[in-house]
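The structure appears right after this line, and notes come after that.
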Amino acid sequence: MKTNHRIQVLDEKIKATKSALNALGALRPGSLSRQYHVCRKPGCCCQDPLKPRRHGPYYHLDYVHHGKKTTRFIRAGQLPEVRRQLATFKQLRRLVDRWITLSLKKTEILRQSSANPNP
């Protein structure tokens with residue numbers, strides 16, 4: 001009876017995890033980086049030997065999908081949405097990992113209960 005209750009609890013947690021996965025919005029893998037650049041124009045403020053001021057920031061999104069590395073420039077106006085999508089992707093990963101963990105626990109309980117039919 002105790003085994004059935006444990007499995008039922010795990011099934012409820014798996015169901016809640018699937019529901020959370022279904023509620024996720026737009027997502028995007030990768031990492032966002034901020035970069036500053038130095039141009040080669042003589043006399044530009046980025047070339048000042050005492051107080052150089054680099055151009056930027058410029059935002060780059062890097063990710064690998066299907067084995068292909070991709071870099072995209074992200075405009076400043078797009079940053080909030082891209083950051084939300086990156087956070088959603090991280091949430092997806094956490095939820096999938098939780099689902100796997102719960103499924104492994106359930107499988108182990110079932111394996112043990114079939115190996116010991118008399119608890």
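How things are named: the first chain in the structure tokens is A, the next is B, and so on; residues count from 1 in each chain; ligands count from 1 in the order shown.
Near region 53-63 of chain A, within a cut-off of 7 Å and counting only C-alpha atoms, sit the residues Pro29, Gly30, Ser31, Leu32, Ser33, Arg34, Gln35, Tyr36, His37, Val38, Cys45, Cys46, Lys51, His65, Lys69, Thr70, Thr71, Arg72, Phe73, Ile74 and Arg75 of chain A, with same-chain residues fewer than 2 positions away left out.
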At a cut-off of 10 Å, using only C-alpha atoms, what residues contact Glu81 (chain A)? Leave out same-chain residues fewer than 6 positions from it and give the result as an mmCIF file with all heavy atoms, in the first residue's frame.
```
data_model
loop_
_atom_site.group_PDB
_atom_site.id
_atom_site.type_symbol
_atom_site.label_atom_id
_atom_site.label_comp_id
_atom_site.auth_asym_id
_atom_site.auth_seq_id
_atom_site.Cartn_x
_atom_site.Cartn_y
_atom_site.Cartn_z
ATOM 1 N N ALA A 26 7.391 31.305 -25.516
ATOM 2 C CA ALA A 26 8.490 31.286 -26.491
ATOM 3 C C ALA A 26 9.815 31.100 -25.762
ATOM 4 O O ALA A 26 10.028 31.649 -24.686
ATOM 5 C CB ALA A 26 8.511 32.585 -27.279
ATOM 6 N N LEU A 27 10.680 30.310 -26.373
ATOM 7 C CA LEU A 27 11.970 30.062 -25.748
ATOM 8 C C LEU A 27 13.076 30.109 -26.777
ATOM 9 O O LEU A 27 12.831 30.030 -27.975
ATOM 10 C CB LEU A 27 11.968 28.725 -25.010
ATOM 11 C CG LEU A 27 11.467 27.489 -25.748
ATOM 12 C CD1 LEU A 27 12.576 26.810 -26.517
ATOM 13 C CD2 LEU A 27 10.863 26.543 -24.748
ATOM 14 N N ALA A 87 15.439 32.780 -20.387
ATOM 15 C CA ALA A 87 14.993 32.301 -19.077
ATOM 16 C C ALA A 87 13.972 31.176 -19.230
ATOM 17 O O ALA A 87 13.994 30.200 -18.467
ATOM 18 C CB ALA A 87 14.400 33.455 -18.272
#
```
For this session: Report as a PyMOL selection string: the residues of region 15-60 of chain A with a DSSP assignment of alpha helix (DSSP H), based on the backbone of this structure.
Result: chain A and resi 15-22
Exercise. Can you list, as number ranges by chain, every protein, DNA or RNA residue that comes within 9 Å of region 89-103 of chain A when you count only C-alpha atoms, leaving out same-chain residues fewer than 3 positions away?
Worked result: A: 10-11, 13-14, 17-18, 20-21, 24, 26-30, 84-86, 106-108
Exercise. Can you tell me, as JSON, numbers by chain, what residues are no more than 10 Å from Asn4 (chain A) when counting only C-alpha atoms, ignoring any on the same chain fewer than 5 positions away?
Worked result: {"A": [9, 10, 109, 110, 113]}
Expected file: the selected residues, all heavy atoms, as a PDB file, in the first residue's frame:
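Output below, filename out07.pdb:
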```pdb
ATOM      1  N   VAL A   9       2.009   9.732  -5.610  1.00  0.00           N
ATOM      2  CA  VAL A   9       2.610  11.050  -5.371  1.00  0.00           C
ATOM      3  C   VAL A   9       3.538  11.425  -6.521  1.00  0.00           C
ATOM      4  O   VAL A   9       3.508  12.560  -7.016  1.00  0.00           O
ATOM      5  CB  VAL A   9       3.357  11.074  -4.016  1.00  0.00           C
ATOM      6  CG1 VAL A   9       4.224  12.322  -3.882  1.00  0.00           C
ATOM      7  CG2 VAL A   9       2.376  10.967  -2.866  1.00  0.00           C
ATOM      8  N   LEU A  10       4.359  10.475  -6.962  1.00  0.00           N
ATOM      9  CA  LEU A  10       5.265  10.747  -8.086  1.00  0.00           C
ATOM     10  C   LEU A  10       4.469  11.047  -9.356  1.00  0.00           C
ATOM     11  O   LEU A  10       4.829  11.956 -10.120  1.00  0.00           O
ATOM     12  CB  LEU A  10       6.208   9.563  -8.308  1.00  0.00           C
ATOM     13  CG  LEU A  10       7.309   9.387  -7.264  1.00  0.00           C
ATOM     14  CD1 LEU A  10       8.048   8.075  -7.484  1.00  0.00           C
ATOM     15  CD2 LEU A  10       8.271  10.559  -7.294  1.00  0.00           C
ATOM     16  N   ILE A 109      11.107   2.414  -7.850  1.00  0.00           N
ATOM     17  CA  ILE A 109      10.108   1.895  -6.897  1.00  0.00           C
ATOM     18  C   ILE A 109       9.388   0.687  -7.495  1.00  0.00           C
ATOM     19  O   ILE A 109       9.199  -0.326  -6.828  1.00  0.00           O
ATOM     20  CB  ILE A 109       9.098   2.997  -6.509  1.00  0.00           C
ATOM     21  CG1 ILE A 109       9.782   4.047  -5.647  1.00  0.00           C
ATOM     22  CG2 ILE A 109       7.910   2.403  -5.764  1.00  0.00           C
ATOM     23  CD1 ILE A 109       8.953   5.298  -5.421  1.00  0.00           C
ATOM     24  N   LEU A 110       9.001   0.786  -8.753  1.00  0.00           N
ATOM     25  CA  LEU A 110       8.312  -0.343  -9.418  1.00  0.00           C
ATOM     26  C   LEU A 110       9.222  -1.558  -9.528  1.00  0.00           C
ATOM     27  O   LEU A 110       8.790  -2.684  -9.354  1.00  0.00           O
ATOM     28  CB  LEU A 110       7.808   0.102 -10.790  1.00  0.00           C
ATOM     29  CG  LEU A 110       6.647   1.097 -10.791  1.00  0.00           C
ATOM     30  CD1 LEU A 110       6.392   1.595 -12.199  1.00  0.00           C
ATOM     31  CD2 LEU A 110       5.406   0.462 -10.208  1.00  0.00           C
ATOM     32  N   SER A 113       9.490  -3.111  -6.066  1.00  0.00           N
ATOM     33  CA  SER A 113       8.255  -3.766  -5.646  1.00  0.00           C
ATOM     34  C   SER A 113       8.015  -5.069  -6.424  1.00  0.00           C
ATOM     35  O   SER A 113       7.459  -6.012  -5.873  1.00  0.00           O
ATOM     36  CB  SER A 113       7.049  -2.837  -5.804  1.00  0.00           C
ATOM     37  OG  SER A 113       6.787  -2.575  -7.158  1.00  0.00           O
TER      38      SER A 113
END
```
Exercise. Quick one: DSSP strand (DSSP E or B) residues in chain A, as number ranges by chain?
Worked result: A: 31-37, 55-65, 68-74
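Going from CA of Gln8 (chain A) to CA of Asn116 (chain A) covers 18.9 Å.
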Problem set entry | Interatomic distance (Å, one decimal) between CA of Pro80 (chain A) and CA of Asn22 (chain A) |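 These atoms are spaced 22.3 Å apart.
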